[in-house]
>>> print(open('input.cif').read())   # mmCIF, C-alpha atoms
data_my_file
loop_
_atom_site.label_atom_id
_atom_site.label_comp_id
_atom_site.auth_asym_id
_atom_site.auth_seq_id
_atom_site.Cartn_x
_atom_site.Cartn_y
_atom_site.Cartn_z
CA MET L 1 97.68 49.83 -39.26
CA LYS L 2 98.69 52.77 -41.47
CA LYS L 3 102.27 51.45 -41.52
CA ILE L 4 101.05 47.99 -42.61
CA SER L 5 98.99 49.54 -45.44
CA ALA L 6 101.90 51.71 -46.56
CA LEU L 7 104.31 48.75 -46.63
CA PHE L 8 101.76 46.64 -48.49
CA THR L 9 101.26 49.36 -51.12
CA LEU L 10 105.01 49.91 -51.51
CA PHE L 11 105.54 46.17 -51.96
CA LEU L 12 102.92 46.00 -54.71
CA ILE L 13 104.34 49.04 -56.52
CA CYS L 14 107.82 47.49 -56.53
CA ALA L 15 106.69 43.97 -57.42
CA ILE L 16 104.15 44.58 -60.18
CA PRO L 17 106.63 45.82 -62.84
CA ALA L 18 108.84 42.78 -62.28
CA PHE L 19 105.99 40.28 -62.59
CA SER L 20 103.48 42.06 -64.83
CA GLN L 21 103.97 39.63 -67.71
CA ASN L 22 101.89 37.03 -65.83
CA PHE L 23 99.26 39.23 -64.17
CA GLY L 24 95.78 37.87 -63.49
CA LEU L 25 92.68 39.03 -61.61
CA GLY L 26 89.79 36.95 -60.34
CA ILE L 27 86.96 36.43 -57.87
CA LYS L 28 86.91 33.94 -55.02
CA ALA L 29 84.68 32.63 -52.25
CA GLY L 30 84.92 29.95 -49.64
CA LEU L 31 84.29 28.56 -46.19
CA SER L 32 86.29 28.53 -42.98
CA SER L 33 86.23 26.45 -39.83
CA THR L 34 87.02 28.80 -36.99
CA GLU L 35 87.95 28.16 -33.39
CA VAL L 36 87.61 31.23 -31.19
CA ASP L 37 89.01 31.00 -27.68
CA PHE L 38 89.17 34.09 -25.47
CA LYS L 39 91.84 32.46 -23.27
CA SER L 40 89.86 33.34 -20.18
CA GLU L 41 88.45 31.14 -17.41
CA GLU L 42 85.12 32.99 -17.63
CA PHE L 43 84.57 32.23 -21.34
CA ILE L 44 84.36 28.57 -22.40
CA PRO L 45 84.37 28.09 -26.20
CA SER L 46 82.15 25.63 -28.04
CA ASP L 47 83.10 23.59 -31.10
CA SER L 48 84.48 25.17 -34.27
CA GLN L 49 82.02 27.26 -36.26
CA LEU L 50 81.63 27.66 -40.03
CA GLY L 51 82.19 31.04 -41.64
CA TYR L 52 82.46 32.36 -45.18
CA HIS L 53 84.43 34.84 -47.27
CA VAL L 54 84.00 36.50 -50.69
CA GLY L 55 86.20 38.89 -52.62
CA LEU L 56 88.89 39.47 -55.22
CA PHE L 57 92.39 38.17 -55.79
CA ALA L 58 95.25 39.16 -58.06
CA ARG L 59 98.22 37.02 -59.04
CA PHE L 60 101.44 37.95 -60.75
CA GLY L 61 104.75 36.20 -61.06
CA GLY L 62 107.44 34.68 -63.20
CA ALA L 63 109.97 31.83 -63.28
CA GLY L 64 107.70 29.64 -61.13
CA PHE L 65 107.25 32.18 -58.34
CA PHE L 66 104.15 34.28 -57.67
CA VAL L 67 102.62 36.92 -55.39
CA GLN L 68 98.88 36.77 -54.66
CA PRO L 69 97.23 39.64 -52.76
CA GLU L 70 93.56 39.20 -51.84
CA PHE L 71 90.78 41.50 -50.61
CA LEU L 72 88.07 39.51 -48.83
CA PHE L 73 84.97 40.23 -46.78
CA THR L 74 85.02 37.58 -44.05
CA GLN L 75 82.30 36.57 -41.60
CA THR L 76 83.05 34.23 -38.71
CA SER L 77 81.29 33.44 -35.45
CA GLY L 78 81.71 31.57 -32.23
CA GLU L 79 79.50 30.41 -29.36
CA PHE L 80 80.63 30.68 -25.75
CA ILE L 81 79.52 29.83 -22.25
CA PHE L 82 80.04 32.69 -19.81
CA ARG L 83 80.58 31.80 -16.14
CA SER L 84 81.26 34.55 -13.65
CA ASN L 85 82.71 31.94 -11.26
CA PRO L 86 83.56 28.19 -11.51
CA GLN L 87 80.42 27.21 -9.53
CA ALA L 88 78.02 29.12 -11.81
CA GLN L 89 75.95 27.22 -14.37
CA GLY L 90 76.84 29.65 -17.13
CA GLU L 91 74.94 31.38 -19.93
CA LYS L 92 75.48 30.95 -23.66
CA PHE L 93 76.11 33.82 -26.06
CA GLU L 94 77.35 34.23 -29.61
CA GLY L 95 80.08 36.42 -31.08
CA ASN L 96 79.86 37.60 -34.70
CA PHE L 97 82.98 38.89 -36.41
CA ASN L 98 82.79 40.77 -39.73
CA ARG L 99 86.06 42.01 -41.17
CA LEU L 100 88.06 42.89 -44.27
CA ASP L 101 90.93 40.44 -44.71
CA ILE L 102 93.98 41.31 -46.80
CA PRO L 103 96.29 38.30 -47.14
CA VAL L 104 99.40 38.48 -49.33
CA MET L 105 100.51 35.01 -50.39
CA LEU L 106 104.05 34.40 -51.62
CA GLY L 107 104.76 31.06 -53.24
CA PHE L 108 106.05 28.88 -56.01
CA ARG L 109 104.61 26.37 -58.44
CA VAL L 110 105.23 22.64 -58.46
CA LEU L 111 104.55 20.70 -61.71
CA LYS L 112 102.74 23.78 -63.12
CA VAL L 113 99.52 22.82 -61.30
CA LEU L 114 100.26 22.81 -57.56
CA ARG L 115 101.06 25.98 -55.61
CA VAL L 116 102.85 26.13 -52.25
CA GLN L 117 102.16 29.44 -50.49
CA ALA L 118 102.47 31.38 -47.25
CA GLY L 119 102.33 34.99 -46.14
CA PRO L 120 100.92 37.64 -43.79
CA ILE L 121 97.27 38.60 -43.42
CA ALA L 122 95.97 41.93 -42.12
CA SER L 123 92.38 42.01 -40.82
CA LEU L 124 90.36 45.21 -40.43
CA ASN L 125 87.36 45.05 -38.11
CA ILE L 126 84.12 46.11 -39.83
CA ASP L 127 81.45 45.08 -37.35
CA SER L 128 82.09 42.65 -34.51
CA ASN L 129 79.62 42.20 -31.69
CA LEU L 130 78.32 39.91 -28.98
CA LYS L 131 74.79 38.66 -29.63
CA ASP L 132 72.43 37.43 -26.89
CA SER L 133 75.15 38.10 -24.34
CA ALA L 134 74.77 37.30 -20.69
CA GLY L 135 73.46 40.09 -18.46
CA THR L 136 76.86 41.06 -17.07
CA VAL L 137 78.65 40.87 -20.44
CA ARG L 138 77.63 43.73 -22.70
CA ASP L 139 80.68 45.44 -24.13
CA ALA L 140 83.69 44.02 -25.95
CA ASP L 141 86.76 46.02 -26.88
CA PHE L 142 87.42 44.71 -30.40
CA ASN L 143 90.66 45.96 -31.94
CA SER L 144 90.36 47.87 -35.22
CA ALA L 145 93.07 45.78 -36.89
CA THR L 146 94.95 42.52 -36.30
CA LEU L 147 97.81 40.69 -37.98
CA GLY L 148 98.22 36.99 -38.68
CA TYR L 149 99.66 34.50 -41.14
CA GLN L 150 98.38 31.95 -43.65
CA ALA L 151 100.06 28.92 -45.19
CA GLY L 152 98.81 26.17 -47.47
CA LEU L 153 98.47 24.65 -50.91
CA GLY L 154 96.64 25.58 -54.08
CA VAL L 155 95.67 23.80 -57.29
CA ASP L 156 95.00 25.46 -60.66
CA ILE L 157 92.81 23.78 -63.29
CA GLY L 158 92.42 26.16 -66.22
CA ASN L 159 90.93 29.38 -64.84
CA LEU L 160 89.72 27.61 -61.69
CA SER L 161 91.78 27.84 -58.50
CA ILE L 162 91.28 25.85 -55.29
CA ASP L 163 93.12 26.87 -52.12
CA GLY L 164 93.39 25.19 -48.74
CA LYS L 165 95.12 27.21 -46.02
CA TYR L 166 95.63 27.37 -42.28
CA GLU L 167 95.41 30.78 -40.61
CA GLY L 168 96.98 31.64 -37.29
CA GLY L 169 96.88 34.88 -35.34
CA LEU L 170 99.88 37.02 -34.43
CA SER L 171 97.91 39.70 -32.58
CA LYS L 172 94.78 39.56 -30.44
CA PHE L 173 91.49 40.95 -31.70
CA THR L 174 90.01 41.89 -28.33
CA ASP L 175 91.62 43.23 -25.16
CA ASN L 176 88.69 42.71 -22.85
CA ILE L 177 85.01 41.91 -22.60
CA SER L 178 83.36 44.13 -20.01
CA SER L 179 85.67 43.90 -16.99
CA PHE L 180 87.22 40.54 -18.01
CA GLN L 181 90.65 40.49 -19.65
CA THR L 182 90.96 38.39 -22.82
CA ASP L 183 93.81 37.35 -25.11
CA ASN L 184 92.39 35.95 -28.33
CA ARG L 185 93.97 35.07 -31.66
CA ILE L 186 91.75 33.49 -34.31
CA ASN L 187 92.89 30.17 -35.75
CA GLN L 188 91.02 28.69 -38.70
CA TRP L 189 91.12 26.37 -41.69
CA VAL L 190 90.19 28.08 -44.93
CA LEU L 191 88.95 26.48 -48.18
CA SER L 192 88.48 28.76 -51.20
CA VAL L 193 87.45 28.45 -54.83
CA GLY L 194 88.50 31.18 -57.23
CA PHE L 195 87.91 31.93 -60.90
CA ARG L 196 90.46 33.90 -62.90
CA LEU L 197 88.67 36.50 -65.04
CA PHE L 198 91.73 37.47 -67.09
#
>>> encode(input="input.cif", output="structure tokens")
Amino acid sequence: MKKISALFTLFLICAIPAFSQNFGLGIKAGLSSTEVDFKSEEFIPSDSQLGYHVGLFARFGGAGFFVQPEFLFTQTSGEFIFRSNPQAQGEKFEGNFNRLDIPVMLGFRVLKVLRVQAGPIASLNIDSNLKDSAGTVRDADFNSATLGYQAGLGVDIGNLSIDGKYEGGLSKFTDNISSFQTDNRINQWVLSVGFRLF
């Protein structure tokens, strides 16, 4: 994760002088629809769950192109049925995932209003846990950092920005739950509203 942070910082240092003539900073918040699947026969996911995010974004660019780094506190959750074997009835439990998300969107403008964007997202685990877990499922090995991608569209109306993006995972956020191996990558739809302060 230190290498990702160093590359991210180096990128910003190199890019800001080139695009500083159109620099802006703002706040944003939004909702996400998250599907969490542990890719394990013992854990059966339920329907998508709503989550939220709040934070800051910066945007700088020129000649129709822009770079938009964001720093967001994100909370997502998921409900699961745990079955130790296929014949078992199963018990329900809930996973809560709190993290710091750092997406860096690269994109270009269309007709001065619409933005097309895509880029990487690094997620740092703050506090993820299993709530009301079944008796045999107590501990989860949540990774401290994961990497993914986002892609979508944005619309600017004055200082107001609206973004709709899809997020996919490139690395798993948990290696195992108790003695059960898992291979999970979070996929979600994200809708955000931002306000440019200056």
>>> resolve_selection(input="input.cif", expression="the PyMOL selection byres ((chain L and resi 100) around 8)", output="PyMOL selection string")
chain L and resi 71-74+98-99+101-102+123-126
>>> closest_residue(input="input.cif", among="L:Phe65, L:Tyr52, L:Phe43, L:Phe97", to="Lys112 in chain L", atoms="all atoms listed in the file")
L:Phe65
>>> atom_distance(input="input.cif", atom1="CA of Thr174 in chain L", atom2="CA of Asn143 in chain L")
5.5 Å
>>> resolve_selection(input="input.cif", expression="the PyMOL selection byres ((chain L and resi 42) around 6)", output="JSON list (two decimals) with C-alpha atoms, in the coordinates of the input")
[["chain", "number", "residue", "atom", "x", "y", "z"],
["L", 40, "SER", "CA", 89.86, 33.34, -20.18],
["L", 41, "GLU", "CA", 88.45, 31.14, -17.41],
["L", 43, "PHE", "CA", 84.57, 32.23, -21.34],
["L", 82, "PHE", "CA", 80.04, 32.69, -19.81],
["L", 83, "ARG", "CA", 80.58, 31.80, -16.14],
["L", 84, "SER", "CA", 81.26, 34.55, -13.65]]
>>> resolve_selection(input="input.cif", expression="the PyMOL selection byres ((chain L and resi 191) around 9)", output="PDB file with C-alpha atoms, keeping the file's coordinate frame")
ATOM      1  CA  ALA L  29      84.680  32.630 -52.250  1.00  0.00           C
ATOM      2  CA  GLY L  30      84.920  29.950 -49.640  1.00  0.00           C
ATOM      3  CA  LEU L  31      84.290  28.560 -46.190  1.00  0.00           C
ATOM      4  CA  SER L  32      86.290  28.530 -42.980  1.00  0.00           C
ATOM      5  CA  SER L  33      86.230  26.450 -39.830  1.00  0.00           C
ATOM      6  CA  ILE L 162      91.280  25.850 -55.290  1.00  0.00           C
ATOM      7  CA  ASP L 163      93.120  26.870 -52.120  1.00  0.00           C
ATOM      8  CA  GLY L 164      93.390  25.190 -48.740  1.00  0.00           C
ATOM      9  CA  LYS L 165      95.120  27.210 -46.020  1.00  0.00           C
ATOM     10  CA  TYR L 166      95.630  27.370 -42.280  1.00  0.00           C
ATOM     11  CA  TRP L 189      91.120  26.370 -41.690  1.00  0.00           C
ATOM     12  CA  VAL L 190      90.190  28.080 -44.930  1.00  0.00           C
ATOM     13  CA  SER L 192      88.480  28.760 -51.200  1.00  0.00           C
ATOM     14  CA  VAL L 193      87.450  28.450 -54.830  1.00  0.00           C
TER      15      VAL L 193
END
>>> closest_residue(input="input.cif", among="L:Phe108, L:Arg185, L:Val113, L:Asn159", to="Thr146 in chain L", atoms="all atoms listed in the file")
L:Arg185
>>> atom_distance(input="input.cif", atom1="CA of Ile157 in chain L", atom2="CA of Pro69 in chain L")
19.5 Å
>>> residues_around(input="input.cif", residues="Gln150 in chain L", least_positions_apart="6", cutoff="6 Å", atoms="all atoms listed in the file", output="ChimeraX atom specification")
/L:118-119,166-167
>>> atom_distance(input="input.cif", atom1="CA of Ala122 in chain L", atom2="CA of Ala145 in chain L")
7.1 Å
>>> closest_residue(input="input.cif", among="L:Phe23, L:Phe142, L:Phe195, L:Phe93", to="Leu56 in chain L", atoms="all atoms listed in the file")
L:Phe195
>>> closest_residue(input="input.cif", among="L:Pro120, L:Asn129, L:Leu106, L:Leu197", to="Gly154 in chain L", atoms="all atoms listed in the file")
L:Leu106
>>> residues_around(input="input.cif", residues="Gly194 in chain L", least_positions_apart="4", cutoff="8 Å", atoms="all atoms listed in the file", output="list in words")
Gly26, Ile27, Lys28, Ala29, Leu160, Ser161 and Ile162 of chain L
>>> closest_residue(input="input.cif", among="L:Lys131, L:Arg59, L:Arg196, L:Arg115", to="Lys92 in chain L", atoms="all atoms listed in the file")
L:Lys131
>>> build_atoms(input="input.cif", residues="range 145-175 of chain L", atoms="N, CA and C atoms", output="PDB file, in the coordinates of the input")
ATOM      1  N   ALA L 145      92.281  46.531 -35.920  1.00  0.00           N
ATOM      2  CA  ALA L 145      93.070  45.780 -36.890  1.00  0.00           C
ATOM      3  C   ALA L 145      93.911  44.717 -36.175  1.00  0.00           C
ATOM      4  N   THR L 146      94.098  43.587 -36.835  1.00  0.00           N
ATOM      5  CA  THR L 146      94.950  42.520 -36.300  1.00  0.00           C
ATOM      6  C   THR L 146      95.829  41.991 -37.419  1.00  0.00           C
ATOM      7  N   LEU L 147      96.860  41.249 -37.023  1.00  0.00           N
ATOM      8  CA  LEU L 147      97.810  40.690 -37.980  1.00  0.00           C
ATOM      9  C   LEU L 147      97.958  39.204 -37.725  1.00  0.00           C
ATOM     10  N   GLY L 148      98.049  38.428 -38.801  1.00  0.00           N
ATOM     11  CA  GLY L 148      98.220  36.990 -38.680  1.00  0.00           C
ATOM     12  C   GLY L 148      99.035  36.444 -39.835  1.00  0.00           C
ATOM     13  N   TYR L 149      98.950  35.138 -40.037  1.00  0.00           N
ATOM     14  CA  TYR L 149      99.660  34.500 -41.140  1.00  0.00           C
ATOM     15  C   TYR L 149      98.775  33.402 -41.726  1.00  0.00           C
ATOM     16  N   GLN L 150      99.035  33.061 -42.978  1.00  0.00           N
ATOM     17  CA  GLN L 150      98.380  31.950 -43.650  1.00  0.00           C
ATOM     18  C   GLN L 150      99.427  31.111 -44.369  1.00  0.00           C
ATOM     19  N   ALA L 151      99.169  29.813 -44.467  1.00  0.00           N
ATOM     20  CA  ALA L 151     100.060  28.920 -45.190  1.00  0.00           C
ATOM     21  C   ALA L 151      99.239  27.757 -45.718  1.00  0.00           C
ATOM     22  N   GLY L 152      99.569  27.289 -46.928  1.00  0.00           N
ATOM     23  CA  GLY L 152      98.810  26.170 -47.470  1.00  0.00           C
ATOM     24  C   GLY L 152      99.185  25.833 -48.890  1.00  0.00           C
ATOM     25  N   LEU L 153      98.268  25.132 -49.551  1.00  0.00           N
ATOM     26  CA  LEU L 153      98.470  24.650 -50.910  1.00  0.00           C
ATOM     27  C   LEU L 153      97.344  25.120 -51.808  1.00  0.00           C
ATOM     28  N   GLY L 154      97.640  25.222 -53.103  1.00  0.00           N
ATOM     29  CA  GLY L 154      96.640  25.580 -54.080  1.00  0.00           C
ATOM     30  C   GLY L 154      96.788  24.731 -55.328  1.00  0.00           C
ATOM     31  N   VAL L 155      95.686  24.561 -56.045  1.00  0.00           N
ATOM     32  CA  VAL L 155      95.670  23.800 -57.290  1.00  0.00           C
ATOM     33  C   VAL L 155      94.986  24.652 -58.349  1.00  0.00           C
ATOM     34  N   ASP L 156      95.585  24.722 -59.544  1.00  0.00           N
ATOM     35  CA  ASP L 156      95.000  25.460 -60.660  1.00  0.00           C
ATOM     36  C   ASP L 156      94.583  24.489 -61.755  1.00  0.00           C
ATOM     37  N   ILE L 157      93.332  24.585 -62.189  1.00  0.00           N
ATOM     38  CA  ILE L 157      92.810  23.780 -63.290  1.00  0.00           C
ATOM     39  C   ILE L 157      92.169  24.761 -64.274  1.00  0.00           C
ATOM     40  N   GLY L 158      92.892  25.119 -65.320  1.00  0.00           N
ATOM     41  CA  GLY L 158      92.420  26.160 -66.220  1.00  0.00           C
ATOM     42  C   GLY L 158      92.311  27.481 -65.480  1.00  0.00           C
ATOM     43  N   ASN L 159      91.152  28.125 -65.564  1.00  0.00           N
ATOM     44  CA  ASN L 159      90.930  29.380 -64.840  1.00  0.00           C
ATOM     45  C   ASN L 159      90.431  29.179 -63.414  1.00  0.00           C
ATOM     46  N   LEU L 160      90.233  27.934 -63.024  1.00  0.00           N
ATOM     47  CA  LEU L 160      89.720  27.610 -61.690  1.00  0.00           C
ATOM     48  C   LEU L 160      90.882  27.391 -60.718  1.00  0.00           C
ATOM     49  N   SER L 161      90.777  27.989 -59.548  1.00  0.00           N
ATOM     50  CA  SER L 161      91.780  27.840 -58.500  1.00  0.00           C
ATOM     51  C   SER L 161      91.122  27.337 -57.223  1.00  0.00           C
ATOM     52  N   ILE L 162      91.760  26.372 -56.571  1.00  0.00           N
ATOM     53  CA  ILE L 162      91.280  25.850 -55.290  1.00  0.00           C
ATOM     54  C   ILE L 162      92.412  26.002 -54.282  1.00  0.00           C
ATOM     55  N   ASP L 163      92.111  26.620 -53.146  1.00  0.00           N
ATOM     56  CA  ASP L 163      93.120  26.870 -52.120  1.00  0.00           C
ATOM     57  C   ASP L 163      92.680  26.295 -50.784  1.00  0.00           C
ATOM     58  N   GLY L 164      93.599  25.632 -50.110  1.00  0.00           N
ATOM     59  CA  GLY L 164      93.390  25.190 -48.740  1.00  0.00           C
ATOM     60  C   GLY L 164      94.491  25.749 -47.869  1.00  0.00           C
ATOM     61  N   LYS L 165      94.115  26.518 -46.836  1.00  0.00           N
ATOM     62  CA  LYS L 165      95.120  27.210 -46.020  1.00  0.00           C
ATOM     63  C   LYS L 165      94.770  27.112 -44.537  1.00  0.00           C
ATOM     64  N   TYR L 166      95.810  27.240 -43.727  1.00  0.00           N
ATOM     65  CA  TYR L 166      95.630  27.370 -42.280  1.00  0.00           C
ATOM     66  C   TYR L 166      95.982  28.799 -41.901  1.00  0.00           C
ATOM     67  N   GLU L 167      95.157  29.410 -41.057  1.00  0.00           N
ATOM     68  CA  GLU L 167      95.410  30.780 -40.610  1.00  0.00           C
ATOM     69  C   GLU L 167      95.627  30.810 -39.109  1.00  0.00           C
ATOM     70  N   GLY L 168      96.690  31.450 -38.701  1.00  0.00           N
ATOM     71  CA  GLY L 168      96.980  31.640 -37.290  1.00  0.00           C
ATOM     72  C   GLY L 168      97.111  33.112 -36.965  1.00  0.00           C
ATOM     73  N   GLY L 169      96.829  33.477 -35.737  1.00  0.00           N
ATOM     74  CA  GLY L 169      96.880  34.880 -35.340  1.00  0.00           C
ATOM     75  C   GLY L 169      98.224  35.254 -34.740  1.00  0.00           C
ATOM     76  N   LEU L 170      98.671  36.470 -35.030  1.00  0.00           N
ATOM     77  CA  LEU L 170      99.880  37.020 -34.430  1.00  0.00           C
ATOM     78  C   LEU L 170      99.550  38.137 -33.443  1.00  0.00           C
ATOM     79  N   SER L 171      98.332  38.662 -33.523  1.00  0.00           N
ATOM     80  CA  SER L 171      97.910  39.700 -32.580  1.00  0.00           C
ATOM     81  C   SER L 171      96.478  39.435 -32.161  1.00  0.00           C
ATOM     82  N   LYS L 172      96.119  39.853 -30.970  1.00  0.00           N
ATOM     83  CA  LYS L 172      94.780  39.560 -30.440  1.00  0.00           C
ATOM     84  C   LYS L 172      93.761  40.549 -30.971  1.00  0.00           C
ATOM     85  N   PHE L 173      92.513  40.080 -31.128  1.00  0.00           N
ATOM     86  CA  PHE L 173      91.490  40.950 -31.700  1.00  0.00           C
ATOM     87  C   PHE L 173      90.582  41.568 -30.652  1.00  0.00           C
ATOM     88  N   THR L 174      90.752  41.196 -29.390  1.00  0.00           N
ATOM     89  CA  THR L 174      90.010  41.890 -28.330  1.00  0.00           C
ATOM     90  C   THR L 174      90.857  41.934 -27.067  1.00  0.00           C
ATOM     91  N   ASP L 175      90.849  43.071 -26.392  1.00  0.00           N
ATOM     92  CA  ASP L 175      91.620  43.230 -25.160  1.00  0.00           C
ATOM     93  C   ASP L 175      90.822  42.829 -23.928  1.00  0.00           C
TER      94      ASP L 175
END
